[in-house]
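Here's structure_23.cif, which has mmCIF, C-alpha atoms:
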data_start
loop_
_atom_site.label_atom_id
_atom_site.label_comp_id
_atom_site.auth_asym_id
_atom_site.auth_seq_id
_atom_site.Cartn_x
_atom_site.Cartn_y
_atom_site.Cartn_z
CA MET A 1 120.37 79.35 60.74
CA ASN A 2 117.42 77.09 59.89
CA LYS A 3 114.52 78.84 58.22
CA TRP A 4 112.05 77.46 60.75
CA ILE A 5 113.37 80.01 63.25
CA ASN A 6 111.30 82.63 61.41
CA ASN A 7 108.12 80.89 62.57
CA ILE A 8 108.99 80.78 66.26
CA ARG A 9 107.23 83.10 68.68
CA GLN A 10 110.11 84.81 70.47
CA VAL A 11 109.45 86.86 73.60
CA VAL A 12 111.40 88.21 76.55
CA PRO A 13 110.22 85.98 79.43
CA TYR A 14 109.25 86.90 82.95
CA THR A 15 112.09 86.53 85.48
CA PRO A 16 110.80 84.82 88.62
CA GLY A 17 112.30 85.37 92.04
CA GLU A 18 115.31 83.25 92.88
CA GLN A 19 114.59 79.92 94.58
CA PRO A 20 117.88 79.02 96.27
CA LYS A 21 118.49 75.33 96.96
CA GLU A 22 120.80 75.78 99.93
CA LYS A 23 119.56 75.18 103.47
CA ASN A 24 119.68 77.46 106.50
CA ILE A 25 118.86 80.64 104.60
CA ILE A 26 116.57 83.56 105.34
CA LYS A 27 114.36 83.81 102.28
CA LEU A 28 112.73 87.24 101.98
CA ASN A 29 112.73 87.59 98.20
CA THR A 30 109.56 86.04 96.77
CA ASN A 31 106.72 87.26 99.03
CA GLU A 32 105.91 83.81 100.29
CA ASN A 33 104.05 83.46 103.57
CA PRO A 34 106.43 82.51 106.41
CA TYR A 35 103.76 80.42 108.12
CA PRO A 36 102.47 77.00 107.03
CA PRO A 37 99.03 76.52 105.48
CA SER A 38 96.00 75.88 107.62
CA PRO A 39 96.19 72.66 109.69
CA GLU A 40 93.02 71.67 107.84
CA VAL A 41 95.10 71.48 104.65
CA GLN A 42 97.48 69.02 106.32
CA LYS A 43 94.51 66.90 107.39
CA THR A 44 93.21 66.91 103.82
CA LEU A 45 96.59 65.82 102.47
CA ALA A 46 96.87 63.06 105.06
CA GLY A 47 93.44 61.72 104.16
CA PHE A 48 93.78 62.06 100.39
CA GLU A 49 93.26 58.78 98.50
CA ALA A 50 96.05 58.44 95.95
CA ASP A 51 93.95 56.06 93.86
CA THR A 52 91.69 58.97 92.87
CA LEU A 53 94.59 60.55 90.96
CA ARG A 54 93.94 58.13 88.10
CA LEU A 55 90.71 60.07 87.52
CA TYR A 56 90.43 63.49 85.92
CA PRO A 57 89.57 66.35 88.27
CA ASP A 58 86.24 68.15 88.07
CA PRO A 59 86.70 70.54 85.11
CA ALA A 60 84.08 72.90 86.57
CA VAL A 61 85.86 72.92 89.98
CA GLU A 62 82.43 73.22 91.59
CA GLY A 63 83.47 72.40 95.15
CA LEU A 64 86.23 75.02 95.33
CA ILE A 65 84.21 77.64 93.48
CA SER A 66 81.29 77.14 95.87
CA ALA A 67 83.60 77.46 98.89
CA ILE A 68 85.13 80.68 97.56
CA ALA A 69 81.71 82.09 96.68
CA GLU A 70 80.41 81.30 100.18
CA ASN A 71 83.45 82.95 101.79
CA TYR A 72 82.91 86.19 99.85
CA SER A 73 79.08 86.11 99.91
CA LEU A 74 78.87 85.66 96.14
CA LYS A 75 77.10 83.31 93.76
CA PRO A 76 79.19 80.51 92.21
CA GLU A 77 78.62 82.00 88.76
CA GLN A 78 80.58 85.08 89.92
CA VAL A 79 83.78 83.10 90.55
CA PHE A 80 86.47 81.69 88.24
CA VAL A 81 89.47 79.65 89.41
CA GLY A 82 92.81 78.88 87.81
CA VAL A 83 96.28 77.52 88.47
CA GLY A 84 97.50 80.47 90.50
CA SER A 85 96.55 84.06 89.81
CA ASP A 86 99.12 84.08 86.98
CA ASP A 87 96.94 81.59 85.11
CA VAL A 88 93.82 83.63 85.86
CA LEU A 89 95.48 86.85 84.68
CA ALA A 90 96.85 85.25 81.51
CA MET A 91 93.35 83.96 80.71
CA SER A 92 92.01 87.46 81.36
CA PHE A 93 94.49 89.04 78.95
CA LEU A 94 93.44 86.53 76.28
CA THR A 95 89.75 87.04 76.98
CA PHE A 96 89.31 90.75 77.51
CA PHE A 97 92.12 92.68 75.81
CA ASN A 98 91.32 92.28 72.12
CA SER A 99 90.30 95.72 70.90
CA GLY A 100 93.62 96.54 69.24
CA LYS A 101 93.93 99.61 71.46
CA PRO A 102 96.71 99.77 74.08
CA VAL A 103 96.10 98.27 77.49
CA LEU A 104 97.24 100.50 80.35
CA PHE A 105 99.21 99.49 83.43
CA PRO A 106 101.77 101.21 85.68
CA ASP A 107 105.41 101.52 84.65
CA ILE A 108 106.48 100.12 88.02
CA THR A 109 104.30 97.10 88.68
CA TYR A 110 104.08 93.32 88.39
CA SER A 111 106.52 92.54 85.60
CA PHE A 112 104.43 89.76 84.05
CA TYR A 113 101.95 92.22 82.54
CA ASP A 114 104.16 93.33 79.65
CA VAL A 115 105.28 89.71 79.11
CA TRP A 116 101.68 88.56 78.56
CA ALA A 117 100.97 91.55 76.35
CA ASP A 118 103.97 90.75 74.16
CA LEU A 119 103.17 87.04 74.10
CA PHE A 120 99.57 87.59 72.98
CA GLY A 121 100.35 90.50 70.66
CA ILE A 122 98.41 93.03 72.76
CA PRO A 123 99.50 96.67 72.47
CA TYR A 124 100.11 98.37 75.79
CA ARG A 125 101.25 101.61 77.36
CA CYS A 126 102.95 101.96 80.72
CA VAL A 127 101.60 104.82 82.82
CA PRO A 128 104.29 106.33 85.08
CA LEU A 129 103.81 106.33 88.82
CA ASP A 130 104.32 109.70 90.47
CA ASP A 131 107.55 110.61 92.28
CA ASP A 132 106.26 108.90 95.44
CA PHE A 133 105.60 105.67 93.50
CA CYS A 134 101.81 106.15 93.65
CA ILE A 135 99.22 105.44 90.96
CA ARG A 136 97.24 108.54 89.92
CA SER A 137 93.77 107.77 88.63
CA ASP A 138 93.68 110.87 86.43
CA ASP A 139 96.63 109.50 84.43
CA TYR A 140 94.37 106.68 83.19
CA ARG A 141 91.87 108.93 81.47
CA GLY A 142 91.36 108.61 77.73
CA ASP A 143 90.75 105.91 75.16
CA CYS A 144 92.35 102.50 75.77
CA GLY A 145 91.84 98.77 75.33
CA GLY A 146 91.65 97.92 79.02
CA ILE A 147 93.37 98.59 82.33
CA ILE A 148 95.13 96.38 84.86
CA PHE A 149 96.95 97.26 88.06
CA PRO A 150 97.74 95.58 91.39
CA ASN A 151 96.26 97.06 94.53
CA PRO A 152 98.29 97.24 96.70
CA ASN A 153 100.80 97.74 93.91
CA ALA A 154 103.83 95.51 93.53
CA PRO A 155 106.70 95.93 94.16
CA THR A 156 105.91 99.21 95.96
CA GLY A 157 103.22 97.92 98.36
CA ILE A 158 101.35 101.23 98.11
CA GLU A 159 97.56 101.09 97.99
CA LEU A 160 95.36 103.15 95.67
CA PRO A 161 92.36 104.51 97.64
CA GLN A 162 89.05 102.89 96.78
CA GLU A 163 87.51 106.10 95.49
CA SER A 164 90.34 106.29 92.94
CA VAL A 165 89.85 102.65 91.95
CA GLU A 166 86.15 103.30 91.39
CA LYS A 167 86.96 106.42 89.39
CA ILE A 168 89.07 104.39 86.97
CA VAL A 169 86.32 101.78 86.60
CA LYS A 170 83.60 104.40 86.16
CA ASP A 171 85.61 106.41 83.63
CA HIS A 172 86.05 103.37 81.34
CA PRO A 173 82.66 101.65 80.94
CA ASP A 174 83.60 100.30 77.50
CA VAL A 175 86.65 98.26 78.60
CA ILE A 176 87.50 95.76 81.30
CA VAL A 177 89.38 96.99 84.37
CA ILE A 178 91.27 94.27 86.25
CA VAL A 179 92.25 94.89 89.86
CA ASP A 180 94.98 92.44 90.87
CA GLU A 181 94.57 91.99 94.63
CA ALA A 182 97.30 89.44 95.35
CA TYR A 183 98.28 91.31 98.54
CA VAL A 184 94.99 92.87 99.65
CA ASP A 185 94.59 90.65 102.72
CA PHE A 186 97.56 92.29 104.47
CA GLY A 187 95.76 95.50 105.32
CA GLY A 188 94.35 96.69 102.01
CA THR A 189 90.73 97.29 101.06
CA SER A 190 89.24 95.07 98.39
CA ALA A 191 87.38 96.56 95.43
CA LEU A 192 85.08 93.51 95.46
CA PRO A 193 81.91 95.56 96.20
CA LEU A 194 82.38 97.23 92.80
CA ILE A 195 81.41 94.04 90.93
CA GLU A 196 77.81 94.55 92.08
CA LYS A 197 77.83 98.12 90.82
CA TYR A 198 79.80 97.87 87.55
CA ASP A 199 79.83 95.16 84.92
CA ASN A 200 83.35 95.95 83.63
CA VAL A 201 85.50 95.22 86.67
CA LEU A 202 87.26 91.95 87.51
CA ILE A 203 88.88 91.29 90.90
CA VAL A 204 91.73 88.74 90.96
CA GLN A 205 93.10 87.19 94.17
CA THR A 206 95.29 84.24 95.12
CA PHE A 207 95.88 81.56 97.75
CA SER A 208 99.66 81.97 97.34
CA LYS A 209 100.23 84.81 99.79
CA SER A 210 97.71 85.17 102.59
CA ARG A 211 96.75 81.48 102.62
CA SER A 212 100.33 80.14 102.49
CA MET A 213 99.76 77.99 99.40
CA ALA A 214 102.15 79.30 96.76
CA GLY A 215 103.25 75.72 96.08
CA MET A 216 99.70 74.56 95.42
CA ARG A 217 98.90 77.15 92.70
CA ILE A 218 95.35 78.42 93.26
CA GLY A 219 94.08 81.75 91.99
CA PHE A 220 90.61 83.09 91.38
CA ALA A 221 88.69 85.94 89.79
CA MET A 222 85.43 87.54 90.89
CA GLY A 223 83.14 89.54 88.65
CA ASN A 224 79.71 89.60 87.08
CA PRO A 225 78.51 86.28 85.63
CA ALA A 226 79.00 87.43 82.02
CA LEU A 227 82.72 88.06 82.57
CA ILE A 228 83.12 84.72 84.35
CA LYS A 229 81.37 82.91 81.49
CA TYR A 230 83.71 84.46 78.93
CA LEU A 231 86.71 83.40 81.02
CA ASN A 232 85.39 79.84 81.20
CA ASP A 233 84.84 79.78 77.44
CA VAL A 234 88.52 80.60 76.93
CA LYS A 235 89.58 78.09 79.59
CA TYR A 236 87.61 75.27 77.95
CA SER A 237 89.14 76.22 74.60
CA PHE A 238 92.61 75.97 76.11
CA ASN A 239 92.68 73.31 78.87
CA SER A 240 89.58 71.86 80.52
CA TYR A 241 91.40 70.26 83.46
CA THR A 242 93.46 73.10 84.86
CA MET A 243 93.13 72.31 88.59
CA SER A 244 94.44 69.07 90.12
CA ARG A 245 92.26 67.02 92.46
CA ILE A 246 94.67 67.65 95.33
CA SER A 247 94.64 71.42 94.75
CA ILE A 248 90.85 71.51 94.71
CA GLU A 249 90.46 69.63 97.99
CA CYS A 250 93.22 71.54 99.78
CA GLY A 251 91.84 74.83 98.51
CA ILE A 252 88.42 74.03 99.98
CA SER A 253 90.00 73.25 103.35
CA ALA A 254 92.06 76.45 103.33
CA ILE A 255 89.25 78.84 102.41
CA ARG A 256 86.99 77.39 105.10
CA ASP A 257 89.51 77.89 107.92
CA ARG A 258 88.93 81.60 108.29
CA SER A 259 90.23 81.92 111.84
CA TYR A 260 93.67 80.58 110.88
CA PHE A 261 93.79 82.84 107.81
CA GLU A 262 92.95 85.90 109.92
CA GLU A 263 95.50 85.02 112.59
CA THR A 264 98.44 84.58 110.20
CA CYS A 265 97.55 87.78 108.34
CA ARG A 266 97.42 89.61 111.66
CA ARG A 267 100.86 88.31 112.61
CA ILE A 268 102.37 89.39 109.28
CA ILE A 269 100.80 92.86 109.54
CA GLU A 270 102.08 93.23 113.09
CA THR A 271 105.60 92.21 112.05
CA ARG A 272 105.49 94.53 109.05
CA GLU A 273 104.56 97.57 111.12
CA TRP A 274 107.32 96.80 113.62
CA ALA A 275 109.78 96.30 110.73
CA LYS A 276 108.91 99.74 109.35
CA LYS A 277 110.06 101.34 112.60
CA GLU A 278 113.29 99.35 112.59
CA LEU A 279 114.00 100.24 108.94
CA ALA A 280 113.32 103.92 109.52
CA ALA A 281 115.72 103.94 112.47
CA LEU A 282 118.41 102.52 110.19
CA GLY A 283 117.95 105.28 107.62
CA PHE A 284 115.76 103.49 105.10
CA GLU A 285 113.02 105.28 103.17
CA PHE A 286 109.82 103.56 102.00
CA GLY A 287 106.14 104.05 101.27
CA ASP A 288 103.31 102.91 103.51
CA SER A 289 103.16 99.29 102.41
CA LYS A 290 99.86 97.44 102.74
CA ALA A 291 101.39 94.20 101.43
CA ASN A 292 103.53 91.42 102.96
CA PHE A 293 106.69 93.22 101.86
CA ILE A 294 108.33 96.64 102.13
CA PHE A 295 109.99 98.42 99.20
CA VAL A 296 112.98 100.30 100.58
CA ARG A 297 115.94 102.43 99.64
CA HIS A 298 118.71 103.69 101.88
CA LYS A 299 119.94 107.25 102.11
CA SER A 300 123.60 106.32 101.67
CA VAL A 301 124.01 102.59 100.91
CA PRO A 302 123.38 101.58 97.25
CA ALA A 303 120.74 98.87 96.87
CA GLU A 304 122.83 96.55 94.71
CA GLU A 305 125.71 96.69 97.18
CA LEU A 306 123.39 95.86 100.07
CA TYR A 307 121.69 93.09 98.09
CA ASN A 308 125.03 91.40 97.42
CA ALA A 309 126.16 91.82 101.03
CA LEU A 310 122.94 90.18 102.25
CA ARG A 311 123.38 87.27 99.83
CA LYS A 312 126.81 86.56 101.25
CA GLU A 313 125.11 86.19 104.63
CA HIS A 314 122.50 83.85 103.08
CA ILE A 315 119.77 86.45 103.43
CA TYR A 316 117.81 86.79 100.20
CA VAL A 317 115.82 89.90 99.25
CA ARG A 318 114.66 91.05 95.79
CA TYR A 319 116.63 93.52 93.70
CA PHE A 320 115.28 94.91 90.41
CA LYS A 321 117.90 96.32 88.06
CA LYS A 322 115.36 98.49 86.26
CA PRO A 323 114.91 102.21 85.59
CA ARG A 324 113.61 104.27 88.53
CA ILE A 325 113.87 101.38 91.00
CA ASP A 326 117.49 100.22 90.64
CA ASN A 327 118.30 101.70 94.03
CA CYS A 328 115.49 99.87 95.82
CA LEU A 329 115.11 96.51 97.52
CA ARG A 330 111.91 94.59 98.16
CA ILE A 331 111.96 92.83 101.51
CA THR A 332 109.34 90.17 102.18
CA ILE A 333 108.00 90.04 105.73
CA GLY A 334 109.24 86.84 107.36
CA THR A 335 108.79 85.55 110.87
CA ARG A 336 109.80 87.81 113.76
CA GLU A 337 112.94 85.70 114.18
CA GLU A 338 113.90 86.02 110.51
CA MET A 339 113.39 89.77 110.57
CA GLU A 340 115.45 90.06 113.77
CA ALA A 341 118.31 88.29 112.00
CA LEU A 342 117.97 90.66 109.05
CA PHE A 343 118.12 93.72 111.29
CA ALA A 344 121.05 92.35 113.26
CA PHE A 345 123.04 92.20 110.03
CA LEU A 346 121.83 95.60 108.81
CA ARG A 347 122.81 97.29 112.06
CA LYS A 348 126.37 95.99 111.74
CA TYR A 349 126.66 96.65 108.00
CA ILE A 350 125.16 100.14 107.91
#
For the file at hand, write its structure as structure tokens.
Amino acid sequence: MNKWINNIRQVVPYTPGEQPKEKNIIKLNTNENPYPPSPEVQKTLAGFEADTLRLYPDPAVEGLISAIAENYSLKPEQVFVGVGSDDVLAMSFLTFFNSGKPVLFPDITYSFYDVWADLFGIPYRCVPLDDDFCIRSDDYRGDCGGIIFPNPNAPTGIELPQESVEKIVKDHPDVIVIVDEAYVDFGGTSALPLIEKYDNVLIVQTFSKSRSMAGMRIGFAMGNPALIKYLNDVKYSFNSYTMSRISIECGISAIRDRSYFEETCRRIIETREWAKKELAALGFEFGDSKANFIFVRHKSVPAEELYNALRKEHIYVRYFKKPRIDNCLRITIGTREEMEALFAFLRKYI
């Protein structure tokens, strides 16, 4: 083997959810929103002048940042944007987790966290969830190099109460605590008020889920101005023009259409709560999800068997062949019609 191989950074990559190319499927495996983006986004796309694409986008993304800040009653200097929340989180790992001490995150959680830690050479320790797949704030006590966790957690959908979130932030004033709120708009409670009370907490959200724009790639962080400045310093040392002109304009249109955002979130929550009753009647067990998915296991049917049976029917859900969760399936909440088709199959199969 060539000697240059010794100089290659080799990591185990993140495995994204399957994106099947076939048509006429029911796709409940990647937590996408089943409804289209705001009609205002379509208007923006229709009116977009292609000639402007020869120009670089605004590196400061002022228009989108101002729109996000206005929506959350913040100052623009409290907001950072990136190409999806993955970009924002990766920048945050690079920026804030440099003490040499292990960063803490749950053992069952978003599986990109350990990938970024390995990629950037950041030590980490996975903190086990309890037997009910819940985060326990007391387990995060002690010296560390930072903390990150989703709330609601993924793939479990279970929310950590706000008093427990604040306890973690308060107990670690010397490190940054990142609360990944990708799914908070589906019935969770945001920890955003904590950024006015503590200078060590960063809240990360996304347009991919609740605003139906996973294909546009817009994520953002909210925190005190010092944290946002440090993130921008890293961004400008890495890539000044991270957001496309189209993404910026469509993002502004989406964040301003609050009534559409609230209506689609309401519909997903309503469908989720109905789906919980249907799943329980079929013998499934699950936690009280506050996300746009439900993490289930069946009393008698193995998860992998059910996953494969669903695939044969062109119904896609997510299966994780990992310790502790290899008998669970994550089912994204689709439209009422899609979920009806899922349950029709499950009733026959089970």
Distance in Å - atom CA of Asn98 of chain A versus atom CA of Pro152 of chain A: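 Separating atom CA of Asn98 of chain A from atom CA of Pro152 of chain A is a distance of 26.0 Å.
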The PyMOL selection byres ((chain A and resi 216) around 9) resolved against shown file, as a VMD selection string: chain A and resid 83 to 84 207 to 208 213 to 215 217 to 218 246 to 247 250 to 251
Separation of atom CA of Leu89 of chain A from atom CA of Pro128 of chain A in Å: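 Atom CA of Leu89 of chain A lies 21.4 Å from atom CA of Pro128 of chain A.
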Explicit residues for the PyMOL selection byres ((chain A and resi 319) around 7) (as a PyMOL selection string): chain A and resi 304+307+317-318+320-321+328-330
Residues returned when the PyMOL selection byres ((chain A and resi 175) around 8) runs on this file, as number ranges by chain: A: 144-147, 172-174, 176-177, 200
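Among the candidates A:Asn33, A:Ser38, A:Asn151, A:Ser137, the residue lying nearest to Arg267 of chain A is A:Asn33 (atoms considered: only C-alpha atoms).
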Shell around Gly121 of chain A at 10 Å using only C-alpha atoms, local window under 3 positions removed, as a ChimeraX atom specification: /A:94,97-98,100,115-118,124
Filled-in N, CA and C atoms of segment 65-86 of chain A, supplied as a compact mmCIF listing (two decimals), keeping the file's coordinate frame:
# COMPACT_ATOMS: atom_id res chain seq x y z
N ILE A 65 84.92 76.41 93.85
CA ILE A 65 84.21 77.64 93.48
C ILE A 65 83.10 77.94 94.48
N SER A 66 82.37 76.93 94.90
CA SER A 66 81.29 77.14 95.87
C SER A 66 81.85 77.61 97.21
N ALA A 67 83.00 77.06 97.62
CA ALA A 67 83.60 77.46 98.89
C ALA A 67 84.08 78.91 98.84
N ILE A 68 84.68 79.30 97.71
CA ILE A 68 85.13 80.68 97.56
C ILE A 68 83.93 81.63 97.53
N ALA A 69 82.91 81.25 96.78
CA ALA A 69 81.71 82.09 96.68
C ALA A 69 81.08 82.28 98.06
N GLU A 70 80.99 81.20 98.83
CA GLU A 70 80.41 81.30 100.18
C GLU A 70 81.24 82.23 101.05
N ASN A 71 82.56 82.12 100.97
CA ASN A 71 83.45 82.95 101.79
C ASN A 71 83.28 84.43 101.50
N TYR A 72 83.03 84.78 100.24
CA TYR A 72 82.91 86.19 99.85
C TYR A 72 81.46 86.63 99.62
N SER A 73 80.51 85.80 100.04
CA SER A 73 79.08 86.11 99.91
C SER A 73 78.71 86.40 98.46
N LEU A 74 79.17 85.55 97.56
CA LEU A 74 78.87 85.66 96.14
C LEU A 74 78.11 84.43 95.66
N LYS A 75 77.68 84.47 94.42
CA LYS A 75 77.10 83.31 93.76
C LYS A 75 78.22 82.58 93.03
N PRO A 76 78.14 81.25 92.91
CA PRO A 76 79.19 80.51 92.21
C PRO A 76 79.46 81.03 90.80
N GLU A 77 78.43 81.50 90.12
CA GLU A 77 78.62 82.00 88.76
C GLU A 77 79.39 83.31 88.70
N GLN A 78 79.76 83.85 89.86
CA GLN A 78 80.58 85.08 89.92
C GLN A 78 82.05 84.79 90.18
N VAL A 79 82.42 83.49 90.18
CA VAL A 79 83.78 83.10 90.55
C VAL A 79 84.40 82.22 89.47
N PHE A 80 85.67 82.49 89.17
CA PHE A 80 86.47 81.69 88.24
C PHE A 80 87.76 81.30 88.96
N VAL A 81 88.22 80.07 88.77
CA VAL A 81 89.47 79.65 89.41
C VAL A 81 90.47 79.20 88.35
N GLY A 82 91.75 79.29 88.71
CA GLY A 82 92.81 78.88 87.81
C GLY A 82 94.03 78.43 88.59
N VAL A 83 95.06 78.04 87.87
CA VAL A 83 96.28 77.52 88.47
C VAL A 83 97.16 78.69 88.89
N GLY A 84 96.84 79.26 90.03
CA GLY A 84 97.50 80.47 90.50
C GLY A 84 96.90 81.68 89.83
N SER A 85 97.11 82.85 90.42
CA SER A 85 96.55 84.06 89.81
C SER A 85 97.24 84.38 88.49
N ASP A 86 98.47 83.88 88.28
CA ASP A 86 99.12 84.08 86.98
C ASP A 86 98.29 83.45 85.86
